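Student: Just so it is clear, I am handing over target.pdb, which has PDB, C-alpha atoms.
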ATOM      1  CA  MET A   1      -7.951   9.793 -22.446
ATOM      2  CA  LEU A   2      -6.375   6.365 -23.019
ATOM      3  CA  ARG A   3      -4.039   7.018 -20.090
ATOM      4  CA  ASN A   4      -7.019   7.591 -17.825
ATOM      5  CA  LEU A   5      -8.823   4.532 -19.180
ATOM      6  CA  PHE A   6      -5.873   2.245 -18.466
ATOM      7  CA  ALA A   7      -5.337   3.884 -15.071
ATOM      8  CA  PHE A   8      -8.999   3.086 -14.296
ATOM      9  CA  ILE A   9      -8.549  -0.510 -15.516
ATOM     10  CA  ALA A  10      -5.351  -0.965 -13.468
ATOM     11  CA  GLY A  11      -7.034   0.494 -10.378
ATOM     12  CA  GLY A  12     -10.080  -1.724 -10.875
ATOM     13  CA  LEU A  13      -8.050  -4.903 -11.382
ATOM     14  CA  PHE A  14      -5.914  -4.004  -8.346
ATOM     15  CA  GLY A  15      -9.040  -3.567  -6.240
ATOM     16  CA  VAL A  16     -10.654  -6.821  -7.381
ATOM     17  CA  GLY A  17      -7.351  -8.605  -6.684
ATOM     18  CA  LEU A  18      -7.310  -7.156  -3.164
ATOM     19  CA  LEU A  19     -10.880  -8.353  -2.562
ATOM     20  CA  VAL A  20     -10.367 -11.819  -4.068
ATOM     21  CA  SER A  21      -7.116 -12.371  -2.162
ATOM     22  CA  GLY A  22      -8.761 -11.496   1.159
ATOM     23  CA  MET A  23      -6.663  -8.368   1.737
ATOM     24  CA  THR A  24      -9.724  -6.168   2.270
ATOM     25  CA  ASN A  25     -10.488  -8.377   5.287
ATOM     26  CA  THR A  26      -8.592  -6.853   8.205
ATOM     27  CA  GLU A  27      -8.708 -10.174  10.098
ATOM     28  CA  LYS A  28      -6.618 -11.868   7.411
ATOM     29  CA  VAL A  29      -4.023  -9.084   7.408
ATOM     30  CA  GLN A  30      -3.795  -9.040  11.200
ATOM     31  CA  GLY A  31      -3.760 -12.838  11.126
ATOM     32  CA  TRP A  32      -0.629 -12.729   8.978
ATOM     33  CA  LEU A  33       1.038 -10.228  11.310
ATOM     34  CA  ASP A  34      -0.017 -12.236  14.370
ATOM     35  CA  ILE A  35       2.931 -14.617  14.531
ATOM     36  CA  PHE A  36       2.266 -15.373  18.203
ATOM     37  CA  GLY A  37      -1.438 -16.074  17.652
ATOM     38  CA  ASP A  38      -3.381 -18.071  15.077
ATOM     39  CA  TRP A  39      -0.994 -17.301  12.199
ATOM     40  CA  ASP A  40      -2.503 -16.936   8.710
ATOM     41  CA  PRO A  41      -0.023 -17.423   5.818
ATOM     42  CA  THR A  42      -2.363 -16.050   3.081
ATOM     43  CA  LEU A  43      -0.573 -12.713   2.715
ATOM     44  CA  ALA A  44       2.642 -14.471   1.659
ATOM     45  CA  PHE A  45       0.774 -16.060  -1.266
ATOM     46  CA  VAL A  46      -0.734 -12.684  -2.195
ATOM     47  CA  LEU A  47       2.619 -10.913  -2.177
ATOM     48  CA  GLY A  48       4.310 -13.805  -3.992
ATOM     49  CA  GLY A  49       1.531 -13.953  -6.580
ATOM     50  CA  ALA A  50       1.773 -10.204  -7.168
ATOM     51  CA  ILE A  51       5.561 -10.154  -7.418
ATOM     52  CA  LEU A  52       5.607 -12.874 -10.112
ATOM     53  CA  PRO A  53       3.998 -10.896 -12.992
ATOM     54  CA  MET A  54       5.749  -7.718 -11.853
ATOM     55  CA  THR A  55       9.181  -9.321 -12.092
ATOM     56  CA  VAL A  56       8.383 -10.153 -15.733
ATOM     57  CA  ALA A  57       6.998  -6.639 -16.271
ATOM     58  CA  TRP A  58      10.137  -4.908 -14.913
ATOM     59  CA  ASN A  59      12.193  -7.159 -17.182
ATOM     60  CA  PHE A  60      10.143  -5.928 -20.177
ATOM     61  CA  ALA A  61      10.328  -2.355 -18.935
ATOM     62  CA  THR A  62      14.122  -2.310 -18.883
ATOM     63  CA  ARG A  63      14.232  -3.523 -22.497
ATOM     64  CA  ARG A  64      11.596  -1.123 -23.802
ATOM     65  CA  ALA A  65      12.533   2.490 -24.387
ATOM     66  CA  ARG A  66       9.028   3.793 -23.680
ATOM     67  CA  PRO A  67       5.680   2.735 -22.211
ATOM     68  CA  VAL A  68       2.959   1.871 -24.750
ATOM     69  CA  LEU A  69       1.242   5.245 -24.285
ATOM     70  CA  GLY A  70       4.483   7.229 -24.473
ATOM     71  CA  GLY A  71       6.362   9.202 -21.862
ATOM     72  CA  ASP A  72       9.168   7.688 -19.844
ATOM     73  CA  MET A  73       9.581   4.506 -17.876
ATOM     74  CA  PRO A  74      10.058   5.109 -14.122
ATOM     75  CA  GLY A  75      13.624   5.956 -13.150
ATOM     76  CA  LYS A  76      15.870   3.654 -11.192
ATOM     77  CA  PRO A  77      14.923   3.319  -7.515
ATOM     78  CA  GLY A  78      17.055   5.075  -4.908
ATOM     79  CA  ALA A  79      19.760   2.857  -3.473
ATOM     80  CA  GLN A  80      19.775   4.221   0.060
ATOM     81  CA  ILE A  81      17.775   3.125   3.067
ATOM     82  CA  ASP A  82      17.578   6.553   4.682
ATOM     83  CA  ARG A  83      16.111   7.790   7.950
ATOM     84  CA  ASN A  84      12.753   8.819   6.489
ATOM     85  CA  LEU A  85      12.288   5.389   4.900
ATOM     86  CA  VAL A  86      12.915   3.656   8.223
ATOM     87  CA  ILE A  87      10.813   6.003  10.392
ATOM     88  CA  GLY A  88       8.025   6.178   7.815
ATOM     89  CA  SER A  89       7.860   2.414   7.349
ATOM     90  CA  LEU A  90       7.798   1.828  11.115
ATOM     91  CA  LEU A  91       4.921   4.336  11.550
ATOM     92  CA  PHE A  92       3.049   2.853   8.592
ATOM     93  CA  GLY A  93       3.552  -0.704   9.847
ATOM     94  CA  ALA A  94       2.230   0.209  13.297
ATOM     95  CA  GLY A  95      -0.965   1.654  11.793
ATOM     96  CA  TRP A  96      -1.270  -1.286   9.407
ATOM     97  CA  GLY A  97      -1.144  -3.710  12.326
ATOM     98  CA  MET A  98      -3.589  -1.687  14.448
ATOM     99  CA  ALA A  99      -6.346  -1.516  11.828
ATOM    100  CA  GLY A 100      -5.376  -4.232   9.339
ATOM    101  CA  LEU A 101      -5.726  -1.805   6.436
ATOM    102  CA  CYS A 102      -3.174  -0.209   4.129
ATOM    103  CA  PRO A 103      -3.949   2.474   1.499
ATOM    104  CA  GLY A 104      -4.970   0.174  -1.394
ATOM    105  CA  PRO A 105      -7.468  -2.005   0.504
ATOM    106  CA  ALA A 106      -8.763   1.059   2.394
ATOM    107  CA  VAL A 107      -9.911   2.591  -0.904
ATOM    108  CA  ALA A 108     -10.971  -0.738  -2.467
ATOM    109  CA  SER A 109     -13.330  -1.546   0.425
ATOM    110  CA  ILE A 110     -14.718   1.962   0.897
ATOM    111  CA  THR A 111     -18.148   1.084  -0.593
ATOM    112  CA  TRP A 112     -18.796  -1.740   1.900
ATOM    113  CA  GLY A 113     -16.432  -0.911   4.779
ATOM    114  CA  GLY A 114     -19.007   1.021   6.805
ATOM    115  CA  LEU A 115     -18.231   3.781   9.296
ATOM    116  CA  GLY A 116     -14.867   2.291  10.327
ATOM    117  CA  GLY A 117     -13.702   2.227   6.712
ATOM    118  CA  VAL A 118     -14.702   5.857   6.106
ATOM    119  CA  VAL A 119     -13.090   7.023   9.367
ATOM    120  CA  PHE A 120      -9.873   5.169   8.513
ATOM    121  CA  LEU A 121      -9.705   6.688   5.019
ATOM    122  CA  LEU A 122     -10.332  10.227   6.313
ATOM    123  CA  ALA A 123      -7.688   9.816   9.039
ATOM    124  CA  MET A 124      -5.253   8.453   6.441
ATOM    125  CA  ILE A 125      -5.851  11.466   4.190
ATOM    126  CA  GLY A 126      -5.331  13.684   7.259
ATOM    127  CA  GLY A 127      -2.021  11.940   7.894
ATOM    128  CA  MET A 128      -1.024  12.553   4.276
ATOM    129  CA  VAL A 129      -1.832  16.249   4.696
ATOM    130  CA  ILE A 130       0.478  16.651   7.702
ATOM    131  CA  ALA A 131       3.259  14.404   6.317
ATOM    132  CA  PRO A 132       5.118  17.109   4.318
ATOM    133  CA  ALA A 133       5.398  19.330   7.421
ATOM    134  CA  LEU A 134       6.695  16.415   9.490
ATOM    135  CA  ARG A 135       9.210  15.588   6.757
ATOM    136  CA  ARG A 136      10.493  19.183   6.798
ATOM    137  CA  ARG A 137      10.852  19.102  10.592
ATOM    138  CA  LEU A 138      12.730  15.811  10.487
ATOM    139  CA  ASP A 139      14.993  17.080   7.728
ATOM    140  CA  SER A 140      15.781  20.359   9.499
ATOM    141  CA  ALA A 141      16.377  18.534  12.803
ATOM    142  CA  ALA A 142      18.832  16.247  11.044
ATOM    143  CA  THR A 143      20.554  19.204   9.373
ATOM    144  CA  SER A 144      20.982  21.099  12.648
ATOM    145  CA  LEU A 145      22.260  17.942  14.335
ATOM    146  CA  GLY A 146      24.740  17.476  11.498
ATOM    147  CA  ALA A 147      25.842  21.116  11.799
ATOM    148  CA  LYS A 148      26.373  20.719  15.534
ATOM    149  CA  SER A 149      28.508  17.645  15.167
ATOM    150  CA  GLU A 150      30.573  19.427  12.499
ATOM    151  CA  PHE A 151      30.972  22.288  14.942
ATOM    152  CA  GLY A 152      32.145  19.912  17.632
ATOM    153  CA  ALA A 153      34.692  18.370  15.288
TER     154      ALA A 153
ATOM    155  CA  MET B 154     -10.330 -21.935   5.282
ATOM    156  CA  GLU B 155      -7.880 -24.257   3.584
ATOM    157  CA  THR B 156      -8.622 -22.782   0.129
ATOM    158  CA  ASP B 157      -7.718 -19.263   1.277
ATOM    159  CA  TRP B 158      -4.147 -19.528   0.041
ATOM    160  CA  ILE B 159      -5.367 -20.377  -3.488
ATOM    161  CA  TRP B 160      -7.559 -17.256  -3.531
ATOM    162  CA  GLY B 161      -4.607 -15.352  -2.105
ATOM    163  CA  LEU B 162      -2.460 -16.496  -4.997
ATOM    164  CA  VAL B 163      -5.173 -15.757  -7.606
ATOM    165  CA  GLY B 164      -5.815 -12.299  -6.152
ATOM    166  CA  GLY B 165      -2.076 -11.693  -5.905
ATOM    167  CA  LEU B 166      -1.637 -12.502  -9.601
ATOM    168  CA  MET B 167      -4.413  -9.980 -10.368
ATOM    169  CA  ILE B 168      -2.679  -7.335  -8.242
ATOM    170  CA  GLY B 169       0.633  -7.987  -9.994
ATOM    171  CA  SER B 170      -1.059  -7.904 -13.412
ATOM    172  CA  ALA B 171      -2.647  -4.554 -12.564
ATOM    173  CA  ALA B 172       0.778  -3.214 -11.614
ATOM    174  CA  ALA B 173       2.209  -4.614 -14.867
ATOM    175  CA  VAL B 174      -0.498  -2.857 -16.924
ATOM    176  CA  PHE B 175       0.159   0.449 -15.129
ATOM    177  CA  LEU B 176       3.919   0.096 -15.672
ATOM    178  CA  LEU B 177       4.081  -1.103 -19.279
ATOM    179  CA  ILE B 178       1.163   0.917 -20.678
ATOM    180  CA  ASN B 179       1.194   4.105 -18.570
ATOM    181  CA  GLY B 180       4.819   4.023 -17.439
ATOM    182  CA  ARG B 181       3.844   4.413 -13.784
ATOM    183  CA  VAL B 182       4.720   2.610 -10.576
ATOM    184  CA  MET B 183       1.509   1.317  -9.008
ATOM    185  CA  GLY B 184       1.914   2.573  -5.467
ATOM    186  CA  ALA B 185      -1.423   3.298  -3.809
ATOM    187  CA  SER B 186      -0.076   5.722  -1.186
ATOM    188  CA  GLY B 187       1.938   7.681  -3.769
ATOM    189  CA  ILE B 188      -0.989   7.921  -6.205
ATOM    190  CA  ILE B 189      -3.383   9.105  -3.469
ATOM    191  CA  GLY B 190      -0.818  11.200  -1.594
ATOM    192  CA  GLY B 191       0.160  13.077  -4.752
ATOM    193  CA  LEU B 192      -3.466  14.220  -5.016
ATOM    194  CA  VAL B 193      -3.792  15.050  -1.310
ATOM    195  CA  ASP B 194      -0.688  17.257  -1.003
ATOM    196  CA  ARG B 195      -0.831  18.362  -4.651
ATOM    197  CA  SER B 196       2.740  17.162  -5.291
ATOM    198  CA  GLY B 197       1.425  15.066  -8.180
ATOM    199  CA  TRP B 198      -1.064  17.606  -9.479
ATOM    200  CA  SER B 199       0.373  17.600 -13.024
ATOM    201  CA  THR B 200      -0.933  14.029 -13.428
ATOM    202  CA  TRP B 201      -4.152  14.473 -11.423
ATOM    203  CA  ALA B 202      -6.524  12.982 -14.017
ATOM    204  CA  GLU B 203      -4.547   9.751 -14.323
ATOM    205  CA  ARG B 204      -4.316   9.477 -10.518
ATOM    206  CA  LEU B 205      -8.009  10.168 -10.065
ATOM    207  CA  ALA B 206      -8.908   7.591 -12.739
ATOM    208  CA  PHE B 207      -6.835   4.990 -10.908
ATOM    209  CA  VAL B 208      -8.440   5.793  -7.542
ATOM    210  CA  ALA B 209     -11.901   5.740  -9.158
ATOM    211  CA  GLY B 210     -11.255   2.248 -10.573
ATOM    212  CA  LEU B 211      -9.930   1.091  -7.217
ATOM    213  CA  ALA B 212     -12.932   2.462  -5.307
ATOM    214  CA  LEU B 213     -15.746   1.610  -7.736
ATOM    215  CA  VAL B 214     -14.891  -1.673  -9.491
ATOM    216  CA  PRO B 215     -14.422  -4.168  -6.589
ATOM    217  CA  VAL B 216     -18.015  -3.679  -5.364
ATOM    218  CA  LEU B 217     -19.246  -4.977  -8.756
ATOM    219  CA  VAL B 218     -17.743  -8.373  -7.913
ATOM    220  CA  LEU B 219     -19.498  -8.606  -4.526
ATOM    221  CA  PRO B 220     -22.747 -10.178  -5.879
ATOM    222  CA  LEU B 221     -20.665 -13.236  -6.885
ATOM    223  CA  TYR B 222     -19.974 -13.968  -3.226
ATOM    224  CA  THR B 223     -22.286 -16.403  -1.444
ATOM    225  CA  VAL B 224     -20.968 -15.387   1.979
ATOM    226  CA  GLU B 225     -21.194 -11.914   3.444
ATOM    227  CA  VAL B 226     -18.109  -9.831   2.684
ATOM    228  CA  SER B 227     -16.882  -7.630   5.512
ATOM    229  CA  THR B 228     -13.719  -5.750   6.341
ATOM    230  CA  ASN B 229     -14.129  -6.840   9.985
ATOM    231  CA  ILE B 230     -12.423  -3.626  11.050
ATOM    232  CA  THR B 231     -12.261  -3.001  14.787
ATOM    233  CA  SER B 232     -15.205  -1.095  16.270
ATOM    234  CA  ASN B 233     -12.741   0.896  18.403
ATOM    235  CA  LEU B 234     -12.858   4.140  16.435
ATOM    236  CA  TRP B 235      -9.984   5.753  18.376
ATOM    237  CA  MET B 236      -7.762   2.914  17.222
ATOM    238  CA  VAL B 237      -9.041   3.337  13.658
ATOM    239  CA  ILE B 238      -8.285   7.086  13.715
ATOM    240  CA  ALA B 239      -4.791   6.588  15.176
ATOM    241  CA  ALA B 240      -4.077   3.816  12.680
ATOM    242  CA  GLY B 241      -5.260   5.886   9.723
ATOM    243  CA  ILE B 242      -3.083   8.857  10.698
ATOM    244  CA  LEU B 243      -0.050   6.570  11.165
ATOM    245  CA  VAL B 244      -0.635   4.931   7.765
ATOM    246  CA  GLY B 245      -1.028   8.306   6.045
ATOM    247  CA  VAL B 246       2.017   9.943   7.631
ATOM    248  CA  GLY B 247       4.199   6.837   7.477
ATOM    249  CA  THR B 248       3.595   5.939   3.838
ATOM    250  CA  ARG B 249       4.271   9.501   2.685
ATOM    251  CA  LEU B 250       7.417   9.784   4.791
ATOM    252  CA  ALA B 251       8.654   6.422   3.490
ATOM    253  CA  ASN B 252       7.481   7.197  -0.054
ATOM    254  CA  GLY B 253       5.526   3.994  -0.362
ATOM    255  CA  CYS B 254       3.341   1.293   1.118
ATOM    256  CA  THR B 255       2.645  -2.400   0.551
ATOM    257  CA  SER B 256       1.939  -1.919  -3.169
ATOM    258  CA  GLY B 257       4.733   0.513  -4.045
ATOM    259  CA  HIS B 258       7.539  -0.772  -1.837
ATOM    260  CA  GLY B 259       6.224  -4.315  -1.434
ATOM    261  CA  VAL B 260       4.879  -5.429  -4.817
ATOM    262  CA  CYS B 261       6.618  -2.996  -7.193
ATOM    263  CA  GLY B 262       9.837  -2.557  -5.183
ATOM    264  CA  ILE B 263      10.681  -6.139  -4.305
ATOM    265  CA  SER B 264       9.933  -7.319  -7.864
ATOM    266  CA  ARG B 265      12.680  -5.012  -9.195
ATOM    267  CA  PHE B 266      15.013  -6.015  -6.354
ATOM    268  CA  SER B 267      14.991  -2.473  -4.961
ATOM    269  CA  LEU B 268      16.977  -2.176  -1.747
ATOM    270  CA  ARG B 269      14.613   0.541  -0.481
ATOM    271  CA  GLY B 270      11.563  -1.584  -1.278
ATOM    272  CA  MET B 271      12.953  -4.596   0.554
ATOM    273  CA  GLY B 272      14.146  -2.457   3.472
ATOM    274  CA  ALA B 273      10.774  -0.724   3.841
ATOM    275  CA  THR B 274       8.974  -4.082   3.733
ATOM    276  CA  ILE B 275      11.116  -5.469   6.548
ATOM    277  CA  PHE B 276      10.443  -2.399   8.725
ATOM    278  CA  TYR B 277       6.673  -2.238   8.174
ATOM    279  CA  LEU B 278       6.285  -5.971   8.718
ATOM    280  CA  LEU B 279       8.262  -5.675  11.938
ATOM    281  CA  ALA B 280       6.201  -2.744  13.219
ATOM    282  CA  GLY B 281       2.951  -4.418  12.127
ATOM    283  CA  GLY B 282       3.806  -7.597  14.006
ATOM    284  CA  LEU B 283       4.717  -5.623  17.133
ATOM    285  CA  ALA B 284       1.498  -3.580  16.906
ATOM    286  CA  VAL B 285      -0.621  -6.747  16.792
ATOM    287  CA  VAL B 286       1.232  -8.199  19.787
ATOM    288  CA  LEU B 287       0.838  -4.960  21.758
ATOM    289  CA  PHE B 288      -2.740  -3.951  20.910
ATOM    290  CA  LYS B 289      -4.297  -7.401  20.515
ATOM    291  CA  HIS B 290      -2.494  -9.640  22.969
ATOM    292  CA  LEU B 291      -1.114  -7.297  25.637
ATOM    293  CA  LEU B 292      -3.704  -4.485  25.724
ATOM    294  CA  GLY B 293      -6.641  -6.321  24.146
ATOM    295  CA  VAL B 294      -8.049  -3.184  22.481
ATOM    296  CA  ILE B 295      -8.441  -4.570  18.927
TER     297      ILE B 295
END
Have the structure of the file written as structure tokens, please.
Tutor:
Amino acid sequence: MLRNLFAFIAGGLFGVGLLVSGMTNTEKVQGWLDIFGDWDPTLAFVLGGAILPMTVAWNFATRRARPVLGGDMPGKPGAQIDRNLVIGSLLFGAGWGMAGLCPGPAVASITWGGLGGVVFLLAMIGGMVIAPALRRRLDSAATSLGAKSEFGA
Amino acid sequence: METDWIWGLVGGLMIGSAAAVFLLINGRVMGASGIIGGLVDRSGWSTWAERLAFVAGLALVPVLVLPLYTVEVSTNITSNLWMVIAAGILVGVGTRLANGCTSGHGVCGISRFSLRGMGATIFYLLAGGLAVVLFKHLLGVI
């Protein structure tokens, strides 16, 4: 129960932070990405402001054996920039630029985002549904390519 | 407005504090796409209640702050619904393939000096910038 309560609090604080910072306003996000237009530096302050407390938190996390509510701390991040990370991030970035929304702000603004906000969220969920199949295809394509090149050698 | 960067910083500190709470108290990485995606494809079903509680807070709490605003708050999303649909699908597929979005890779990844987090951030910023150039300036559809 406490886990769910703190998850709710974290989600709520995250959402209010997104609203306050202007990140639920697609014009500000696209303004940041628009380096050839009327560039808006706000997003840099948002990201910088968010990274500050998290740097301290990760520092704590590495010195604590367990989270307050038990269980394990997250494992170390992977060290490799692999193909899926690159392709996935490029696809995500393209969509982010087109609509000016990423997953957090899309959910945070759902109550006042109107039809466009609902359509975006549903399409995003649809994308998440088909993602595992695409990942399998990419992985098997890479494996067969690898097998071919081994064959050639 | 010239005060926008201050609000950006204040909101950013709130976002980072939320991630710190989720990490130190629950032991979780606050990545929006991972939390939602784990519910959508059932890969995170063993922790569904915690995920759902997070999404509920994210969806229901911000609107409570809206009455404090004197100006109208809008997402200003494009009225071109085909663009919205394409963008949503790309965001959904891309974040799941990359295992993270702006919160997971950006906020939580960069702050622990994760190579993957920094790499992902460079690639999605690059693609986002190109998308704005293409769809706003060249094609004029957003």
Student: Select, from B:Val214, B:Pro220, B:Lys289, B:Ile275, the residue with the minimum atom-to-atom distance to chain A, counting only C-alpha atoms.
Tutor: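 Looking only at the distances to chain A, the closest residue turns out to be B:Val214.
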Student: Under the PyMOL selection byres ((chain A and resi 28-44) around 7), which residues of this model are included? Write them out as a list in words.
Tutor: Gly22, Met23, Asn25, Thr26, Glu27, Phe45, Val46, Leu47, Gly48, Gly97 and Gly100 of chain A; Asp157, Trp158, Gly161, Gly281, Gly282, Val285 and Val286 of chain B
Student: For C-alpha atoms, I'd like the residues from the last selection saved as a PDB file, in the frame of the given file.
Tutor:
ATOM      1  CA  GLY A  22      -8.761 -11.496   1.159  1.00  0.00           C
ATOM      2  CA  MET A  23      -6.663  -8.368   1.737  1.00  0.00           C
ATOM      3  CA  ASN A  25     -10.488  -8.377   5.287  1.00  0.00           C
ATOM      4  CA  THR A  26      -8.592  -6.853   8.205  1.00  0.00           C
ATOM      5  CA  GLU A  27      -8.708 -10.174  10.098  1.00  0.00           C
ATOM      6  CA  PHE A  45       0.774 -16.060  -1.266  1.00  0.00           C
ATOM      7  CA  VAL A  46      -0.734 -12.684  -2.195  1.00  0.00           C
ATOM      8  CA  LEU A  47       2.619 -10.913  -2.177  1.00  0.00           C
ATOM      9  CA  GLY A  48       4.310 -13.805  -3.992  1.00  0.00           C
ATOM     10  CA  GLY A  97      -1.144  -3.710  12.326  1.00  0.00           C
ATOM     11  CA  GLY A 100      -5.376  -4.232   9.339  1.00  0.00           C
TER      12      GLY A 100
ATOM     13  CA  ASP B 157      -7.718 -19.263   1.277  1.00  0.00           C
ATOM     14  CA  TRP B 158      -4.147 -19.528   0.041  1.00  0.00           C
ATOM     15  CA  GLY B 161      -4.607 -15.352  -2.105  1.00  0.00           C
ATOM     16  CA  GLY B 281       2.951  -4.418  12.127  1.00  0.00           C
ATOM     17  CA  GLY B 282       3.806  -7.597  14.006  1.00  0.00           C
ATOM     18  CA  VAL B 285      -0.621  -6.747  16.792  1.00  0.00           C
ATOM     19  CA  VAL B 286       1.232  -8.199  19.787  1.00  0.00           C
TER      20      VAL B 286
END
Student: On this structure, the PyMOL selection byres ((chain B and resi 254) around 12) would catch which residues? List them as a PyMOL selection string, sorted by chain and number.
Tutor: (chain A and resi 85+88-93+95-96+101-105) or (chain B and resi 182-190+243-253+255-263+269-278)
Student: Kindly give the distance, in Å, that separates CA of Ser264 (chain B) and CA of Ala10 (chain A), rounded to a single decimal.
Tutor: 17.5 Å
Student: Name the residues within 8 Å of (3.5, 18.4, 1.7), counting only C-alpha atoms in the file's coordinates, and put them as a list in words.
Tutor: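 The answer, in the requested form, is Met128, Val129, Ile130, Ala131, Pro132 and Ala133 of chain A; Asp194, Arg195 and Ser196 of chain B.
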Student: Written as number ranges by chain, what is the full residue list that the PyMOL selection byres ((chain A and resi 109) around 12) yields on the file shown?
Tutor: A: 12, 14-20, 22-26, 101-108, 110-118, 120-121; B: 208, 210-219, 226-230
Student: Could you write out the selected residues, including C-alpha atoms, as a PDB file, in the coordinates of the input?
Tutor:
ATOM      1  CA  GLY A  12     -10.080  -1.724 -10.875  1.00  0.00           C
ATOM      2  CA  PHE A  14      -5.914  -4.004  -8.346  1.00  0.00           C
ATOM      3  CA  GLY A  15      -9.040  -3.567  -6.240  1.00  0.00           C
ATOM      4  CA  VAL A  16     -10.654  -6.821  -7.381  1.00  0.00           C
ATOM      5  CA  GLY A  17      -7.351  -8.605  -6.684  1.00  0.00           C
ATOM      6  CA  LEU A  18      -7.310  -7.156  -3.164  1.00  0.00           C
ATOM      7  CA  LEU A  19     -10.880  -8.353  -2.562  1.00  0.00           C
ATOM      8  CA  VAL A  20     -10.367 -11.819  -4.068  1.00  0.00           C
ATOM      9  CA  GLY A  22      -8.761 -11.496   1.159  1.00  0.00           C
ATOM     10  CA  MET A  23      -6.663  -8.368   1.737  1.00  0.00           C
ATOM     11  CA  THR A  24      -9.724  -6.168   2.270  1.00  0.00           C
ATOM     12  CA  ASN A  25     -10.488  -8.377   5.287  1.00  0.00           C
ATOM     13  CA  THR A  26      -8.592  -6.853   8.205  1.00  0.00           C
ATOM     14  CA  LEU A 101      -5.726  -1.805   6.436  1.00  0.00           C
ATOM     15  CA  CYS A 102      -3.174  -0.209   4.129  1.00  0.00           C
ATOM     16  CA  PRO A 103      -3.949   2.474   1.499  1.00  0.00           C
ATOM     17  CA  GLY A 104      -4.970   0.174  -1.394  1.00  0.00           C
ATOM     18  CA  PRO A 105      -7.468  -2.005   0.504  1.00  0.00           C
ATOM     19  CA  ALA A 106      -8.763   1.059   2.394  1.00  0.00           C
ATOM     20  CA  VAL A 107      -9.911   2.591  -0.904  1.00  0.00           C
ATOM     21  CA  ALA A 108     -10.971  -0.738  -2.467  1.00  0.00           C
ATOM     22  CA  ILE A 110     -14.718   1.962   0.897  1.00  0.00           C
ATOM     23  CA  THR A 111     -18.148   1.084  -0.593  1.00  0.00           C
ATOM     24  CA  TRP A 112     -18.796  -1.740   1.900  1.00  0.00           C
ATOM     25  CA  GLY A 113     -16.432  -0.911   4.779  1.00  0.00           C
ATOM     26  CA  GLY A 114     -19.007   1.021   6.805  1.00  0.00           C
ATOM     27  CA  LEU A 115     -18.231   3.781   9.296  1.00  0.00           C
ATOM     28  CA  GLY A 116     -14.867   2.291  10.327  1.00  0.00           C
ATOM     29  CA  GLY A 117     -13.702   2.227   6.712  1.00  0.00           C
ATOM     30  CA  VAL A 118     -14.702   5.857   6.106  1.00  0.00           C
ATOM     31  CA  PHE A 120      -9.873   5.169   8.513  1.00  0.00           C
ATOM     32  CA  LEU A 121      -9.705   6.688   5.019  1.00  0.00           C
TER      33      LEU A 121
ATOM     34  CA  VAL B 208      -8.440   5.793  -7.542  1.00  0.00           C
ATOM     35  CA  GLY B 210     -11.255   2.248 -10.573  1.00  0.00           C
ATOM     36  CA  LEU B 211      -9.930   1.091  -7.217  1.00  0.00           C
ATOM     37  CA  ALA B 212     -12.932   2.462  -5.307  1.00  0.00           C
ATOM     38  CA  LEU B 213     -15.746   1.610  -7.736  1.00  0.00           C
ATOM     39  CA  VAL B 214     -14.891  -1.673  -9.491  1.00  0.00           C
ATOM     40  CA  PRO B 215     -14.422  -4.168  -6.589  1.00  0.00           C
ATOM     41  CA  VAL B 216     -18.015  -3.679  -5.364  1.00  0.00           C
ATOM     42  CA  LEU B 217     -19.246  -4.977  -8.756  1.00  0.00           C
ATOM     43  CA  VAL B 218     -17.743  -8.373  -7.913  1.00  0.00           C
ATOM     44  CA  LEU B 219     -19.498  -8.606  -4.526  1.00  0.00           C
ATOM     45  CA  VAL B 226     -18.109  -9.831   2.684  1.00  0.00           C
ATOM     46  CA  SER B 227     -16.882  -7.630   5.512  1.00  0.00           C
ATOM     47  CA  THR B 228     -13.719  -5.750   6.341  1.00  0.00           C
ATOM     48  CA  ASN B 229     -14.129  -6.840   9.985  1.00  0.00           C
ATOM     49  CA  ILE B 230     -12.423  -3.626  11.050  1.00  0.00           C
TER      50      ILE B 230
END
